[in-house]
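> Have a look at this one before I ask anything.
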Amino acid sequence: MAVRHFLTLRDLTPEELRGVIQRAIQLKTELRQGTAGEPFKNKVLGMIFEKSSTRTRVSFEAGMAQMGGSALFLSSRDTQLGRGEPIEDSARVLSRMLDIVMIRTFEHEKIERFARHSRVPVINALTDDYHPCQLLADIQTYVEQRGDPKGKTVTWIGDGNNMCHSYINAAAMCDFRLNIACPEGFDPNPQLLADNAARVTLFRDPRAAVKGADWVVTDVWASMGQEDQQREREQKFSGFCVDHSMMALANKDAVFMHCLPAHRGEEVSAELLEDETISVVWDEAENRLHAQKALMEFLLLNR
Ligand code: CP
Ligand code: NVA
């Protein structure tokens with residue numbers, strides 16, 4: 001059987017995605033009850049990081065340990081990858097030693113090349129274009145808080161970045177409407193927008209986009225690798241801060257999510273982020289652990 005990768009959400013079928021989310025919810029309960037098994041005994045996850053991380057690193061490493069396996073942190077700073085060894089060679093060598101690999105890098109094309117040469121499943125732990133693991137956690141959180149997102153309206157406010165692209169994929173897979181509000185010049189990938197035009201609408205006014213929303217989400221204005229644009233972006237995104245006045249335009253029981261790390265006072269107000277009657281960001285962060293365990297189980301054990 002061909003090895004399965006998880007480079008974008010679209011690598012799963014909608015049904016498989018639903019299964020992973022349900023399993024994540026179950027694994028969370030099992031962990032709390034102390035009844036979780038150790039199905040990854042002797043399995044080793046390689047974690048290649050070319051960008052910083054707190055949540056992704058810790059959730060994968062802890063998740064692997066909790067399920068009886070182990071994880072190796074491989075920074076490009078101290079591997080030969082960082083000294084120019086071709087990605088294809090790294091993929092062929094590492095995948096003969098490891099059982100599963102996750103990669104956080106810049107160009108999405110790099111992870112595709114790695115996957116093409118890998119004998120074992122490869123997971124996208126964030127590229128410049130997509131962050132599908134975060135979407136597993138976000139969907140799990142919505143399902144836990146409010147139920148099936150099918151038919152709901154989700155509003156993305158901010159940069160048309162990797163997270164926004166993964167929300168577009170999620171809209172198609174979970175069958176929800178997606179309103180995207182970004183300033184001109186910060187739109188998501190036009191091809192991805194065009195391919196999903198039936199359920200995705202682009203707005204310039206965040207207040208118009210948030211009307212009727214059941215789920216509101218934002219992210220930093222300058223992603224990793226764009227630090228030198230921080231100042232310019234702060235100006236271009238003025239008016240895009242999600243706060244209580246913005247949430248007041250959404251549906252009454254709307255939830256707020258943010259993948260974190262958050263910049264209080266920029267894309268989100270400190271008061272909203274801390275208001276746990278609306279903001280579910282801490283559950284969302286925790287769910288990275290459970291959702292990725294379910295994903296690894298699916299990829300490693302075919303279930
Ligand atoms: N949300 C997220 O991926 O966080 P880290 O960058 O800390 O991994
Ligand atoms: N868009 C952000 C997400 C961080 C988890 C970035 O790429 O830096």
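We label chains A, B, ... in the order they appear in the structure tokens, count residues from 1 in each chain, and number ligands from 1 in the order shown.
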Set the cut-off to 9 Å, count only C-alpha atoms and all ligand atoms, and list whatever residues fall near ligand 1 as an mmCIF file with N, CA and C atoms, in the first residue's frame.

```
data_model
loop_
_atom_site.group_PDB
_atom_site.id
_atom_site.type_symbol
_atom_site.label_atom_id
_atom_site.label_comp_id
_atom_site.auth_asym_id
_atom_site.auth_seq_id
_atom_site.Cartn_x
_atom_site.Cartn_y
_atom_site.Cartn_z
ATOM 1 N N LYS A 51 12.004 26.402 11.517
ATOM 2 C CA LYS A 51 11.458 27.609 12.121
ATOM 3 C C LYS A 51 11.208 27.304 13.600
ATOM 4 N N SER A 52 10.991 28.336 14.392
ATOM 5 C CA SER A 52 10.746 28.170 15.831
ATOM 6 C C SER A 52 9.402 27.497 16.097
ATOM 7 N N SER A 53 9.248 26.985 17.311
ATOM 8 C CA SER A 53 7.969 26.382 17.698
ATOM 9 C C SER A 53 7.931 26.135 19.193
ATOM 10 N N THR A 54 6.774 26.328 19.783
ATOM 11 C CA THR A 54 6.522 25.871 21.155
ATOM 12 C C THR A 54 5.491 24.742 21.113
ATOM 13 N N ARG A 55 4.262 25.072 20.674
ATOM 14 C CA ARG A 55 3.160 24.116 20.672
ATOM 15 C C ARG A 55 3.427 22.879 19.825
ATOM 16 N N THR A 56 3.909 23.098 18.620
ATOM 17 C CA THR A 56 4.060 21.981 17.690
ATOM 18 C C THR A 56 5.100 20.992 18.197
ATOM 19 N N ARG A 57 6.224 21.536 18.629
ATOM 20 C CA ARG A 57 7.278 20.653 19.118
ATOM 21 C C ARG A 57 6.822 19.866 20.338
ATOM 22 N N VAL A 58 6.255 20.587 21.302
ATOM 23 C CA VAL A 58 5.908 19.936 22.565
ATOM 24 C C VAL A 58 4.749 18.957 22.376
ATOM 25 N N SER A 59 3.763 19.330 21.548
ATOM 26 C CA SER A 59 2.619 18.422 21.378
ATOM 27 C C SER A 59 3.023 17.143 20.648
ATOM 28 N N ARG A 104 8.687 21.265 9.776
ATOM 29 C CA ARG A 104 8.265 22.680 9.755
ATOM 30 C C ARG A 104 9.327 23.420 8.941
ATOM 31 N N ALA A 125 4.156 20.242 9.486
ATOM 32 C CA ALA A 125 4.026 20.916 10.787
ATOM 33 C C ALA A 125 4.113 22.429 10.613
ATOM 34 N N LEU A 126 3.801 22.905 9.442
ATOM 35 C CA LEU A 126 3.732 24.320 9.018
ATOM 36 C C LEU A 126 4.743 24.584 7.903
ATOM 37 N N HIS A 131 -0.866 25.112 7.277
ATOM 38 C CA HIS A 131 -0.627 24.639 8.648
ATOM 39 C C HIS A 131 -1.758 23.669 9.016
ATOM 40 N N CYS A 133 -2.002 20.811 10.670
ATOM 41 C CA CYS A 133 -2.128 20.241 12.024
ATOM 42 C C CYS A 133 -2.914 21.184 12.928
ATOM 43 N N GLN A 134 -2.721 22.487 12.720
ATOM 44 C CA GLN A 134 -3.464 23.448 13.532
ATOM 45 C C GLN A 134 -4.959 23.333 13.253
ATOM 46 N N MET A 224 6.290 33.961 10.572
ATOM 47 C CA MET A 224 7.720 33.658 10.660
ATOM 48 C C MET A 224 8.356 33.797 9.272
ATOM 49 N N HIS A 258 -7.444 31.398 17.824
ATOM 50 C CA HIS A 258 -6.153 31.948 17.381
ATOM 51 C C HIS A 258 -5.138 30.831 17.575
ATOM 52 N N CYS A 259 -4.344 30.544 16.565
ATOM 53 C CA CYS A 259 -3.414 29.408 16.684
ATOM 54 C C CYS A 259 -2.316 29.654 17.706
ATOM 55 N N LEU A 260 -2.064 30.943 18.028
ATOM 56 C CA LEU A 260 -0.996 31.340 18.956
ATOM 57 C C LEU A 260 0.382 31.026 18.342
ATOM 58 N N PRO A 261 1.417 31.771 18.662
ATOM 59 C CA PRO A 261 1.451 32.872 19.617
ATOM 60 C C PRO A 261 0.681 34.098 19.128
ATOM 61 N N ALA A 285 -5.173 25.155 21.821
ATOM 62 C CA ALA A 285 -3.747 24.808 21.911
ATOM 63 C C ALA A 285 -3.581 23.385 22.441
ATOM 64 N N ARG A 288 -3.952 20.412 20.026
ATOM 65 C CA ARG A 288 -2.858 20.009 19.132
ATOM 66 C C ARG A 288 -2.343 18.618 19.546
#
```
> Quick one: everything within 12 Å of stretch 269-271 of chain A, counting only C-alpha atoms, minus sequence neighbours fewer than 3 positions away in the same chain. Send it as a list of chain:residue names.
A:Thr218, A:Gly239, A:Phe240, A:Cys241, A:Val242, A:Asp243, A:His244, A:Ser245, A:Met246, A:Met247, A:Phe256, A:His258, A:Ala262, A:His263, A:Arg264, A:Gly265, A:Glu266, A:Glu274, A:Asp275, A:Glu276, A:Thr277, A:Ile278, A:Ser279
> As a ChimeraX atom specification, list the residues of stretch 46-291 of chain A assigned to alpha helix (DSSP H) by DSSP on the backbone atoms of this structure.
/A:55-66,87-94,108-116,132-146,162-174,190-195,206-209,230-236,244-247,270-274,281-291
> Which residue, A:Asp195, A:Asp148, A:Asp205, A:Glu50, has the smallest gap to ligand 2 when you use only C-alpha atoms and all ligand atoms?
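Among A:Asp195, A:Asp148, A:Asp205, A:Glu50, it is A:Glu50 that comes nearest to ligand 2.
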> Leaving out A:Ile157 and any residue of its chain fewer than 5 positions from it, which residues lie within 10 Å of it when counting only C-alpha atoms, given as a list in words?
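Everything that qualifies: Cys164, Asn179, Ile180, Ala181, Cys182, Pro183, Phe203, Arg204, Asp205, Pro206, Arg207, Ala209, Val210, Val216, Val217, Thr218, Asp219, Trp221, Phe237, Phe240, Cys241, Val242, Glu267 and Val268 of chain A.
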> Per DSSP on the backbone, filter stretch 85-273 of chain A down to the residues in strand (DSSP E) and report them as a PyMOL selection string.
chain A and resi 100-104+122-124+153-157+177-181+200-203+215-218+255-258
> For the residues in the current selection, export N, CA and C atoms as a PDB file, in the first residue's frame.

```pdb
ATOM      1  N   ILE A 100       8.111   7.771  11.149  1.00  0.00           N
ATOM      2  CA  ILE A 100       7.245   8.870  10.722  1.00  0.00           C
ATOM      3  C   ILE A 100       8.046  10.157  10.906  1.00  0.00           C
ATOM      4  N   VAL A 101       7.755  11.147  10.054  1.00  0.00           N
ATOM      5  CA  VAL A 101       8.535  12.398  10.091  1.00  0.00           C
ATOM      6  C   VAL A 101       7.577  13.578  10.081  1.00  0.00           C
ATOM      7  N   MET A 102       7.869  14.603  10.874  1.00  0.00           N
ATOM      8  CA  MET A 102       7.136  15.865  10.722  1.00  0.00           C
ATOM      9  C   MET A 102       8.140  16.961  10.384  1.00  0.00           C
ATOM     10  N   ILE A 103       7.716  17.893   9.548  1.00  0.00           N
ATOM     11  CA  ILE A 103       8.623  18.952   9.097  1.00  0.00           C
ATOM     12  C   ILE A 103       7.947  20.308   9.213  1.00  0.00           C
ATOM     13  N   ARG A 104       8.687  21.265   9.776  1.00  0.00           N
ATOM     14  CA  ARG A 104       8.265  22.680   9.755  1.00  0.00           C
ATOM     15  C   ARG A 104       9.327  23.420   8.941  1.00  0.00           C
ATOM     16  N   VAL A 122       4.888  11.494   6.063  1.00  0.00           N
ATOM     17  CA  VAL A 122       5.429  12.827   6.341  1.00  0.00           C
ATOM     18  C   VAL A 122       4.264  13.748   6.714  1.00  0.00           C
ATOM     19  N   ILE A 123       4.434  14.489   7.801  1.00  0.00           N
ATOM     20  CA  ILE A 123       3.402  15.417   8.295  1.00  0.00           C
ATOM     21  C   ILE A 123       3.891  16.848   8.138  1.00  0.00           C
ATOM     22  N   ASN A 124       3.054  17.698   7.602  1.00  0.00           N
ATOM     23  CA  ASN A 124       3.361  19.126   7.509  1.00  0.00           C
ATOM     24  C   ASN A 124       3.097  19.788   8.859  1.00  0.00           C
ATOM     25  N   THR A 153     -20.927  29.463   9.583  1.00  0.00           N
ATOM     26  CA  THR A 153     -20.142  30.518   8.932  1.00  0.00           C
ATOM     27  C   THR A 153     -18.903  30.810   9.781  1.00  0.00           C
ATOM     28  N   VAL A 154     -17.757  30.695   9.146  1.00  0.00           N
ATOM     29  CA  VAL A 154     -16.482  30.970   9.808  1.00  0.00           C
ATOM     30  C   VAL A 154     -15.920  32.246   9.187  1.00  0.00           C
ATOM     31  N   THR A 155     -15.391  33.136  10.028  1.00  0.00           N
ATOM     32  CA  THR A 155     -14.791  34.365   9.505  1.00  0.00           C
ATOM     33  C   THR A 155     -13.317  34.435   9.867  1.00  0.00           C
ATOM     34  N   TRP A 156     -12.504  34.555   8.842  1.00  0.00           N
ATOM     35  CA  TRP A 156     -11.058  34.738   9.007  1.00  0.00           C
ATOM     36  C   TRP A 156     -10.770  36.227   8.868  1.00  0.00           C
ATOM     37  N   ILE A 157     -10.090  36.802   9.851  1.00  0.00           N
ATOM     38  CA  ILE A 157      -9.749  38.223   9.782  1.00  0.00           C
ATOM     39  C   ILE A 157      -8.240  38.377   9.861  1.00  0.00           C
ATOM     40  N   ARG A 177     -19.206  27.745   5.402  1.00  0.00           N
ATOM     41  CA  ARG A 177     -18.954  28.973   4.633  1.00  0.00           C
ATOM     42  C   ARG A 177     -17.775  29.692   5.270  1.00  0.00           C
ATOM     43  N   LEU A 178     -16.947  30.315   4.442  1.00  0.00           N
ATOM     44  CA  LEU A 178     -15.791  31.032   4.977  1.00  0.00           C
ATOM     45  C   LEU A 178     -15.764  32.448   4.429  1.00  0.00           C
ATOM     46  N   ASN A 179     -15.858  33.423   5.342  1.00  0.00           N
ATOM     47  CA  ASN A 179     -15.661  34.832   4.980  1.00  0.00           C
ATOM     48  C   ASN A 179     -14.231  35.200   5.326  1.00  0.00           C
ATOM     49  N   ILE A 180     -13.521  35.768   4.377  1.00  0.00           N
ATOM     50  CA  ILE A 180     -12.130  36.157   4.626  1.00  0.00           C
ATOM     51  C   ILE A 180     -12.031  37.670   4.481  1.00  0.00           C
ATOM     52  N   ALA A 181     -11.539  38.336   5.548  1.00  0.00           N
ATOM     53  CA  ALA A 181     -11.327  39.785   5.457  1.00  0.00           C
ATOM     54  C   ALA A 181      -9.840  40.069   5.533  1.00  0.00           C
ATOM     55  N   VAL A 200     -16.314  30.368  -0.377  1.00  0.00           N
ATOM     56  CA  VAL A 200     -15.410  31.344   0.239  1.00  0.00           C
ATOM     57  C   VAL A 200     -15.658  32.729  -0.343  1.00  0.00           C
ATOM     58  N   THR A 201     -15.840  33.734   0.524  1.00  0.00           N
ATOM     59  CA  THR A 201     -16.067  35.110   0.067  1.00  0.00           C
ATOM     60  C   THR A 201     -15.000  36.031   0.639  1.00  0.00           C
ATOM     61  N   LEU A 202     -14.433  36.863  -0.204  1.00  0.00           N
ATOM     62  CA  LEU A 202     -13.384  37.799   0.207  1.00  0.00           C
ATOM     63  C   LEU A 202     -13.995  39.163   0.525  1.00  0.00           C
ATOM     64  N   PHE A 203     -13.604  39.724   1.657  1.00  0.00           N
ATOM     65  CA  PHE A 203     -14.085  41.049   2.090  1.00  0.00           C
ATOM     66  C   PHE A 203     -12.879  41.959   2.323  1.00  0.00           C
ATOM     67  N   TRP A 215     -17.928  31.416  14.158  1.00  0.00           N
ATOM     68  CA  TRP A 215     -16.558  31.040  14.559  1.00  0.00           C
ATOM     69  C   TRP A 215     -15.667  32.091  13.917  1.00  0.00           C
ATOM     70  N   VAL A 216     -14.937  32.827  14.744  1.00  0.00           N
ATOM     71  CA  VAL A 216     -14.082  33.910  14.247  1.00  0.00           C
ATOM     72  C   VAL A 216     -12.637  33.560  14.564  1.00  0.00           C
ATOM     73  N   VAL A 217     -11.761  33.779  13.603  1.00  0.00           N
ATOM     74  CA  VAL A 217     -10.374  33.368  13.790  1.00  0.00           C
ATOM     75  C   VAL A 217      -9.426  34.390  13.178  1.00  0.00           C
ATOM     76  N   THR A 218      -8.295  34.558  13.857  1.00  0.00           N
ATOM     77  CA  THR A 218      -7.265  35.441  13.314  1.00  0.00           C
ATOM     78  C   THR A 218      -5.898  34.851  13.608  1.00  0.00           C
ATOM     79  N   VAL A 255     -17.568  31.618  18.708  1.00  0.00           N
ATOM     80  CA  VAL A 255     -16.317  31.396  19.440  1.00  0.00           C
ATOM     81  C   VAL A 255     -15.175  32.118  18.726  1.00  0.00           C
ATOM     82  N   PHE A 256     -14.131  32.435  19.488  1.00  0.00           N
ATOM     83  CA  PHE A 256     -12.941  33.057  18.914  1.00  0.00           C
ATOM     84  C   PHE A 256     -11.758  32.093  19.031  1.00  0.00           C
ATOM     85  N   MET A 257     -11.019  31.947  17.923  1.00  0.00           N
ATOM     86  CA  MET A 257      -9.816  31.099  17.942  1.00  0.00           C
ATOM     87  C   MET A 257      -8.609  31.852  17.401  1.00  0.00           C
ATOM     88  N   HIS A 258      -7.444  31.398  17.824  1.00  0.00           N
ATOM     89  CA  HIS A 258      -6.153  31.948  17.381  1.00  0.00           C
ATOM     90  C   HIS A 258      -5.138  30.831  17.575  1.00  0.00           C
TER      91      HIS A 258
END
```
> Given the choices A:Arg10, A:His108, A:Arg23, A:Arg113, which gets closest to A:Thr127 if the distance is worked out from only C-alpha atoms?
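Going through A:Arg10, A:His108, A:Arg23, A:Arg113 one by one, the smallest distance to A:Thr127 is for A:His108.
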> Could you list, as a ChimeraX atom specification, every residue within 6 Å of A:Leu9, counting only C-alpha atoms and ignoring same-chain residues fewer than 2 positions away?
/A:11-12,132
> Please dump the current selection as a tab-separated table (two decimals), in the first residue's frame; keep N, CA and C atoms.

```tsv
chain	number	residue	atom	x	y	z
A	11	ASP	N	-5.14	15.85	1.96
A	11	ASP	CA	-4.59	14.50	1.89
A	11	ASP	C	-5.49	13.49	2.61
A	12	LEU	N	-6.47	13.98	3.36
A	12	LEU	CA	-7.47	13.09	3.96
A	12	LEU	C	-8.77	13.26	3.18
A	132	PRO	N	-1.80	22.51	8.37
A	132	PRO	CA	-2.95	21.62	8.54
A	132	PRO	C	-3.10	21.02	9.94
```
> Could you jot down the atom CA of A:His290 to atom CA of A:Asn42 separation for me, Å, one decimal place?
19.8 Å
> Looking at A:Asp187, A:Glu16, A:Asp159, A:Asp228, which one is nearest to A:Ala294, with distances taken over only C-alpha atoms?
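Among the listed residues, A:Glu16 lies closest to A:Ala294.
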> Tell me, as a PyMOL selection string, which residues lie within 12 Å of A:Leu17, counting only C-alpha atoms; anything in the same chain fewer than 3 positions away does not count.
chain A and resi 6+8-14+20-24+132-133+135-137+139-140+169-170+172-174+291-292+294-295+298-299+303
